[in-house]
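Here the structure is laid out as structure tokens; the discussion comes afterwards.
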Number of protein chains: 2
Amino acid sequence: MSQDVEQHSTHWVGDGQSSVLEGRLGIFVRKLLSHSRLSTDDQAAIAALPFSLRSMEPNAYILSEGERASICPVILSGFAYRQKTSAEGGRQIVALKIPGDPLDFQSLYLQCADHDLQALTRVELAIFSLKDLEKLVAPRPALARAVLIDILIEASIGREWLLNIGRRNALSRLAHLLCELHCRVEQIAKKRIEAFEVPLTQEQLADLLGLTPVHINRTIKTLEETGAVQRVNRRMQLGDVRTLRKIAEFSDIYLHQNEASKG
Amino acid sequence: MSQDVEQHSTHWVGDGQSSVLEGRLGIFVRKLLSHSRLSTDDQAAIAALPFSLRSMEPNAYILSEGERASICPVILSGFAYRQKTSAEGGRQIVALKIPGDPLDFQSLYLQCADHDLQALTRVELAIFSLKDLEKLVAPRPALARAVLIDILIEASIGREWLLNIGRRNALSRLAHLLCELHCRVEQIAKKRIEAFEVPLTQEQLADLLGLTPVHINRTIKTLEETGAVQRVNRRMQLGDVRTLRKIAEFSDIYLHQNEASKG
DNA sequence: ATCGCGACTTGATCCATGTTACGATGGCGG
DNA sequence: CCGCCATCGTAACATGGATCAAGTCGCGAT
């Protein structure tokens with residue numbers, strides 16, 4: 001498992017607001033801001049957290065089922081996923097994580113992991129220590145709440161996936177996933193995204209959607225005929241998001257974007 | 001929507017420990033104790049919470065998609081479920097809640113519900129106010145943690161359901177669900193349970209497992225032939241749990257029972 | 001260049017599950 | 001006691017997606 005680890009004692013000598021969002025941890029702060037309101041003070045506190053950097057190859061295990069971890073990684077770049085396997089060898093991807101997403105607050109509270117956590121592409125992680133996190137959050141209820149909201153949104157996405165796999169056919173299932181990915185990536189990029197290259201292999205798409213690779217291939221072909229996606233040297237690229245949304249009957253409320261804190 | 005509401009200003013005049021677990025809210029306390037350690041003081045604090053009682057008929061909506069609720073119900077008796085519907089009318093049950101389960105901490109933090117919450121059987125709910133809960137939890141980190149753990153476990157169950165629906169065939173899918181139900185019911189009952197009557201109609205089972213009612217019927221028949229379940233006047237009853245577990249290749253780690261708090 | 005290998009592509013065939021249809025059962029209100 | 005209506009039971013048929021079996025493409029290593 002190849003991994004470089006380096007220590008950062010990230011100390012911004014307060015050059016104002018912009019550096020917080022542009023610093024190494026800016027993407028994490030932006031992710032939290034996408035669903036929670038945070039004071040500039042809270043934002044700065046996050047950006048000032050010490051962390052170690054680790055980069056991992058595609059398919060490397062970040063955490064394995066049954067392990068007990070006490071780390072808390074956040075994705076700085078690249079993609080990762082959670083997977084489970086059935087006794088008969090079937091594999092199911094149960095969550096997809098993109099840059100800015102915290103990966104594992106769960107294992108800080110549960111004894112042992114109930115799933116694997118793997119790198120999808122090459123991935124750069126910021127790893128915080130449990131202690132630092134607790135010290136960060138304890139006096140800052142808004143931060144604790146933001147983290148909780150992040151967990152709740154992941155659960156909401158999981159429920160939508162259940163609907164997707166349980167009740168939609170292959171075509172809209174795939175279209176729905178692409179819509180979700182597009183939304184989420186646009187959300188952290190903070191700008192319109194036109195042509196977006198999907199980083200999953202067809203086998204991974206199959207494991208994510210509860211289908212077989214062969215059928216995924218055929219479904220992509222059908223989707224291509226509608227003009228919703230193109231394939232540029234064997235990689236799928238989103239084209240017409242409007243068509244995709246129609247095919248999937250996509251509604252984004254389950255992503256809970258722009259949920260300003262209540263009360 | 002038929003519902004009786006009555007006010008309880010539940011004040012136990014401290015007749016010791018046992019009353020906490022046997023009081024009206026005892027089942028909720030026991031649920032939390034099944035995965036978290038709580039001081040007797042914390043337990044008593046829960047049991048002393050004021051709440052209103054509401055009972056609902058089967059199929060009544062406890063909360064509808066899109067609504068913004070600020071209540072927090074806990075099931076005292078009966079069953080409930082979360083469901084989502086696709087634009088084409090497909091219905092998917094995405095969570096099943098049993099006595100002792102808190103139903104909706106989520107909507108205290110997210111703006112609007114991304115799914116419906118309905119009574120499965122006749123159900124009795126204890127309804128807490130947001131304010132009381134916040135006052136309860138603020139000075140008691142162990143309680144805050146217990147609630148968070150409850151949310152994380154629900155998410156873990158959701159992931160297992162994804163695997164179940166995405167990767168298992170109808171027979172093991174059904175068997176798996178029955179195993180889970182058995183485990184969870186036994187856990188709050190605090191004793192072995194032999195014959196357990198499944199409170200779901202075949203249509204509900206279908207919506208839960210991503211199948212059709214007709215196929216559920218066939219699958220129950222097959223399952224009956226293995227001796228794992230019987231049907232007593234049109235209701236399914238668990239018989240041989242061992243056989244069920246073998247068919248489902250069931251492992252209960254994802255339920256995270258007996259997770260004593262870390263650290 | 002050429003080999004090897006992982007990922008993609010495609011066709012033929014199969015089968016688990018969906019669909020449709022209709023009758024039986026049983027609980028409940030009048 | 002009767003009739004209604006939701007649910008269950010089951011048979012015949014349809015089909016989406018799985019499985020099996022060959023390729024093909026493209027890239028990195030030799």
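By order of appearance in the structure tokens: chains A, B, ..., then residues from 1 within every chain, and ligands from 1 in the order shown.
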Which residues of chain C come within 9 Å of chain B, and for each one, what is the closest pair of atoms and their distance in Å to one decimal, counting only C-alpha atoms (C1' of nucleotides), sorted by chain and residue number, as a tab-separated table?
```
residue	atom	partner	partner_atom	distance
C:DA16	C1'	B:Asn169	CA	8.3
C:DT17	C1'	B:His215	CA	6.9
C:DG18	C1'	B:Thr212	CA	7.2
```
Using only C-alpha atoms (C1' of nucleotides), determine which residues lie at most 12 Å from stretch 2-6 of chain C, disregarding the query and same-chain residues fewer than 2 positions distant; provide the list as a ChimeraX atom specification.
/A:201,203 /C:8 /D:25-30
For the selection just defined, write its residues with all heavy atoms to a file, as a short mmCIF file (atom, residue, chain, number, x, y, z; two decimals), in the first residue's frame.
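Saved file result37.cif follows:
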```cif
data_model
loop_
_atom_site.label_atom_id
_atom_site.label_comp_id
_atom_site.auth_asym_id
_atom_site.auth_seq_id
_atom_site.Cartn_x
_atom_site.Cartn_y
_atom_site.Cartn_z
N THR A 201 -14.93 2.92 -13.69
CA THR A 201 -14.91 1.90 -14.75
C THR A 201 -16.32 1.31 -14.84
O THR A 201 -17.14 1.47 -13.94
CB THR A 201 -13.94 0.77 -14.42
OG1 THR A 201 -14.46 0.04 -13.30
CG2 THR A 201 -12.56 1.28 -14.10
N GLU A 203 -17.13 -1.70 -14.60
CA GLU A 203 -17.32 -2.68 -13.53
C GLU A 203 -17.72 -2.00 -12.23
O GLU A 203 -18.60 -2.48 -11.50
CB GLU A 203 -16.02 -3.48 -13.32
CG GLU A 203 -16.24 -4.71 -12.46
CD GLU A 203 -14.94 -5.44 -12.17
OE1 GLU A 203 -13.86 -4.95 -12.56
OE2 GLU A 203 -15.01 -6.51 -11.52
P DC C 8 -14.02 -0.12 -18.55
OP1 DC C 8 -14.23 1.32 -18.33
OP2 DC C 8 -14.70 -1.14 -17.71
"O5'" DC C 8 -14.37 -0.41 -20.08
"C5'" DC C 8 -13.66 0.32 -21.08
"C4'" DC C 8 -13.97 -0.29 -22.43
"O4'" DC C 8 -13.53 -1.65 -22.47
"C3'" DC C 8 -15.46 -0.33 -22.79
"O3'" DC C 8 -15.60 0.25 -24.06
"C2'" DC C 8 -15.80 -1.82 -22.80
"C1'" DC C 8 -14.46 -2.41 -23.18
N1 DC C 8 -14.24 -3.83 -22.81
C2 DC C 8 -14.09 -4.79 -23.83
O2 DC C 8 -14.16 -4.44 -25.00
N3 DC C 8 -13.87 -6.09 -23.48
C4 DC C 8 -13.79 -6.44 -22.19
N4 DC C 8 -13.57 -7.72 -21.91
C5 DC C 8 -13.94 -5.46 -21.15
C6 DC C 8 -14.16 -4.18 -21.49
P DC D 25 -10.69 -2.96 -32.88
OP1 DC D 25 -11.69 -2.31 -33.75
OP2 DC D 25 -9.48 -3.64 -33.44
"O5'" DC D 25 -10.20 -1.88 -31.82
"C5'" DC D 25 -11.15 -1.38 -30.88
"C4'" DC D 25 -10.42 -1.03 -29.61
"O4'" DC D 25 -10.01 -2.23 -28.93
"C3'" DC D 25 -9.13 -0.23 -29.84
"O3'" DC D 25 -9.37 1.08 -29.36
"C2'" DC D 25 -8.06 -0.99 -29.06
"C1'" DC D 25 -8.88 -1.89 -28.15
N1 DC D 25 -8.28 -3.19 -27.72
C2 DC D 25 -8.06 -3.42 -26.35
O2 DC D 25 -8.32 -2.52 -25.54
N3 DC D 25 -7.55 -4.62 -25.96
C4 DC D 25 -7.28 -5.57 -26.86
N4 DC D 25 -6.80 -6.73 -26.43
C5 DC D 25 -7.51 -5.36 -28.25
C6 DC D 25 -8.01 -4.16 -28.64
P DG D 26 -8.37 2.26 -29.67
OP1 DG D 26 -9.14 3.54 -29.60
OP2 DG D 26 -7.57 1.89 -30.86
"O5'" DG D 26 -7.43 2.20 -28.39
"C5'" DG D 26 -8.00 2.33 -27.10
"C4'" DG D 26 -6.90 2.17 -26.06
"O4'" DG D 26 -6.56 0.77 -25.91
"C3'" DG D 26 -5.59 2.87 -26.46
"O3'" DG D 26 -5.04 3.40 -25.27
"C2'" DG D 26 -4.73 1.73 -26.99
"C1'" DG D 26 -5.17 0.61 -26.06
N9 DG D 26 -4.93 -0.76 -26.52
C8 DG D 26 -4.95 -1.23 -27.80
N7 DG D 26 -4.73 -2.53 -27.87
C5 DG D 26 -4.55 -2.92 -26.55
C6 DG D 26 -4.27 -4.19 -26.00
O6 DG D 26 -4.13 -5.27 -26.58
N1 DG D 26 -4.17 -4.13 -24.60
C2 DG D 26 -4.32 -2.99 -23.85
N2 DG D 26 -4.18 -3.12 -22.53
N3 DG D 26 -4.57 -1.79 -24.36
C4 DG D 26 -4.68 -1.84 -25.70
P DC D 27 -3.98 4.54 -25.27
OP1 DC D 27 -4.70 5.81 -25.46
OP2 DC D 27 -2.89 4.14 -26.19
"O5'" DC D 27 -3.42 4.49 -23.77
"C5'" DC D 27 -4.01 3.61 -22.80
"C4'" DC D 27 -2.93 2.74 -22.17
"O4'" DC D 27 -2.84 1.46 -22.84
"C3'" DC D 27 -1.51 3.34 -22.25
"O3'" DC D 27 -0.88 3.17 -21.00
"C2'" DC D 27 -0.84 2.50 -23.32
"C1'" DC D 27 -1.48 1.15 -23.04
N1 DC D 27 -1.41 0.17 -24.15
C2 DC D 27 -1.17 -1.18 -23.85
O2 DC D 27 -1.02 -1.51 -22.66
N3 DC D 27 -1.09 -2.09 -24.86
C4 DC D 27 -1.27 -1.70 -26.13
N4 DC D 27 -1.20 -2.62 -27.08
C5 DC D 27 -1.51 -0.33 -26.46
C6 DC D 27 -1.57 0.57 -25.46
P DG D 28 0.31 4.11 -20.56
OP1 DG D 28 -0.27 5.19 -19.75
OP2 DG D 28 1.15 4.41 -21.75
"O5'" DG D 28 1.18 3.17 -19.61
"C5'" DG D 28 0.54 2.15 -18.83
"C4'" DG D 28 1.49 0.97 -18.70
"O4'" DG D 28 1.40 0.13 -19.89
"C3'" DG D 28 2.96 1.36 -18.58
"O3'" DG D 28 3.57 0.47 -17.63
"C2'" DG D 28 3.51 1.15 -19.99
"C1'" DG D 28 2.68 -0.04 -20.46
N9 DG D 28 2.50 -0.15 -21.90
C8 DG D 28 2.26 0.86 -22.81
N7 DG D 28 2.12 0.44 -24.04
C5 DG D 28 2.28 -0.94 -23.93
C6 DG D 28 2.23 -1.95 -24.95
O6 DG D 28 2.03 -1.81 -26.15
N1 DG D 28 2.45 -3.21 -24.41
C2 DG D 28 2.68 -3.49 -23.08
N2 DG D 28 2.88 -4.76 -22.76
N3 DG D 28 2.72 -2.56 -22.13
C4 DG D 28 2.51 -1.32 -22.63
P DA D 29 5.07 0.50 -17.28
OP1 DA D 29 5.11 0.54 -15.80
OP2 DA D 29 5.73 1.56 -18.08
"O5'" DA D 29 5.63 -0.91 -17.76
"C5'" DA D 29 4.92 -2.10 -17.38
"C4'" DA D 29 5.62 -3.29 -18.02
"O4'" DA D 29 5.34 -3.29 -19.44
"C3'" DA D 29 7.14 -3.25 -17.88
"O3'" DA D 29 7.61 -4.58 -17.68
"C2'" DA D 29 7.60 -2.68 -19.23
"C1'" DA D 29 6.55 -3.26 -20.18
N9 DA D 29 6.30 -2.46 -21.38
C8 DA D 29 6.17 -1.10 -21.46
N7 DA D 29 5.93 -0.66 -22.68
C5 DA D 29 5.88 -1.82 -23.44
C6 DA D 29 5.66 -2.04 -24.82
N6 DA D 29 5.42 -1.06 -25.69
N1 DA D 29 5.69 -3.33 -25.26
C2 DA D 29 5.92 -4.30 -24.37
N3 DA D 29 6.13 -4.22 -23.06
C4 DA D 29 6.10 -2.94 -22.66
P DT D 30 9.10 -4.93 -17.41
OP1 DT D 30 9.12 -5.96 -16.36
OP2 DT D 30 9.79 -3.63 -17.23
"O5'" DT D 30 9.64 -5.61 -18.76
"C5'" DT D 30 9.00 -6.80 -19.25
"C4'" DT D 30 9.49 -7.07 -20.66
"O4'" DT D 30 9.03 -6.03 -21.55
"C3'" DT D 30 11.01 -7.12 -20.80
"O3'" DT D 30 11.40 -8.40 -21.28
"C2'" DT D 30 11.33 -6.03 -21.82
"C1'" DT D 30 10.02 -5.86 -22.55
N1 DT D 30 9.78 -4.53 -23.17
C2 DT D 30 9.52 -4.48 -24.54
O2 DT D 30 9.49 -5.44 -25.25
N3 DT D 30 9.30 -3.20 -25.01
C4 DT D 30 9.31 -2.02 -24.29
O4 DT D 30 9.10 -0.94 -24.83
C5 DT D 30 9.59 -2.16 -22.88
C7 DT D 30 9.64 -0.94 -22.00
C6 DT D 30 9.81 -3.40 -22.38
#
```
DSSP on the backbone, strand (DSSP E) only: what residues of stretch 133-256 of chain A does that give? Format it as a PyMOL selection string.
chain A and resi 196-197+229-232+235-238
Would you mind exporting N, CA and C atoms of the selected residues as a PDB file, in the first residue's frame?
```
ATOM      1  N   PHE A 196     -18.179  16.647 -18.126  1.00  0.00           N
ATOM      2  CA  PHE A 196     -17.630  16.073 -16.913  1.00  0.00           C
ATOM      3  C   PHE A 196     -17.309  14.605 -17.171  1.00  0.00           C
ATOM      4  N   GLU A 197     -16.051  14.244 -16.948  1.00  0.00           N
ATOM      5  CA  GLU A 197     -15.614  12.881 -17.251  1.00  0.00           C
ATOM      6  C   GLU A 197     -15.835  11.983 -16.039  1.00  0.00           C
ATOM      7  N   VAL A 229     -24.957  11.457 -23.093  1.00  0.00           N
ATOM      8  CA  VAL A 229     -23.525  11.308 -22.800  1.00  0.00           C
ATOM      9  C   VAL A 229     -22.758  10.998 -24.087  1.00  0.00           C
ATOM     10  N   GLN A 230     -21.451  11.280 -24.064  1.00  0.00           N
ATOM     11  CA  GLN A 230     -20.603  10.822 -25.150  1.00  0.00           C
ATOM     12  C   GLN A 230     -19.526   9.931 -24.568  1.00  0.00           C
ATOM     13  N   ARG A 231     -18.833   9.226 -25.455  1.00  0.00           N
ATOM     14  CA  ARG A 231     -17.659   8.513 -24.977  1.00  0.00           C
ATOM     15  C   ARG A 231     -16.433   9.026 -25.709  1.00  0.00           C
ATOM     16  N   VAL A 232     -15.490   9.540 -24.954  1.00  0.00           N
ATOM     17  CA  VAL A 232     -14.256  10.042 -25.528  1.00  0.00           C
ATOM     18  C   VAL A 232     -13.166   9.083 -25.107  1.00  0.00           C
ATOM     19  N   ARG A 235     -14.005   6.659 -22.255  1.00  0.00           N
ATOM     20  CA  ARG A 235     -14.448   7.225 -20.992  1.00  0.00           C
ATOM     21  C   ARG A 235     -15.764   7.933 -21.218  1.00  0.00           C
ATOM     22  N   MET A 236     -16.691   7.751 -20.293  1.00  0.00           N
ATOM     23  CA  MET A 236     -17.977   8.393 -20.438  1.00  0.00           C
ATOM     24  C   MET A 236     -17.884   9.864 -20.051  1.00  0.00           C
ATOM     25  N   GLN A 237     -18.526  10.715 -20.844  1.00  0.00           N
ATOM     26  CA  GLN A 237     -18.560  12.140 -20.516  1.00  0.00           C
ATOM     27  C   GLN A 237     -19.988  12.634 -20.537  1.00  0.00           C
ATOM     28  N   LEU A 238     -20.359  13.345 -19.499  1.00  0.00           N
ATOM     29  CA  LEU A 238     -21.688  13.938 -19.481  1.00  0.00           C
ATOM     30  C   LEU A 238     -21.803  14.960 -20.577  1.00  0.00           C
TER      31      LEU A 238
END
```
If the cut-off is 9 Å, can you tell me the residues of chain B near chain A, counting only C-alpha atoms? I'd like them as a PyMOL selection string.
chain B and resi 66+83-88+90-95+106+108-115+145+148-149+151-156+158-168+207-211+248-250+253-256+259-262
How close does each residue of chain D get to chain B, giving the shortest atom pair and distance in Å to one decimal for every residue with an atom at most 12 Å away, counting only C-alpha atoms (C1' of nucleotides), sorted by chain and residue number, as CSV?
```
residue,atom,partner,partner_atom,distance
D:DA6,C1',B:Thr201,CA,10.6
D:DT7,C1',B:Thr201,CA,7.8
D:DC8,C1',B:Arg234,CA,7.2
D:DG9,C1',B:Asn217,CA,7.7
D:DT10,C1',B:Arg218,CA,8.8
D:DA11,C1',B:Val214,CA,11.3
D:DA18,C1',B:Asn169,CA,12.0
```
Give me, as a ChimeraX atom specification, all polymer residues having an atom no more than 12 Å from B:Leu21, counting only C-alpha atoms (C1' of nucleotides) and skipping those fewer than 5 positions away in the same chain.
/B:12,15-16,26-33,40,43-48,100,188-190
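One finds atom CA of B:Asp132 at 20.2 Å from atom CA of B:Ile62.
Here atom C1' of C:DA7 and atom CA of A:Asp101 stand 28.2 Å from one another.
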Can you tell me, as a VMD selection string, which residues in stretch 8-240 of chain B count as alpha helix (DSSP H) by DSSP?
chain B and resid 17 to 22 26 to 33 40 to 47 130 to 137 141 to 167 170 to 189 202 to 209 213 to 225
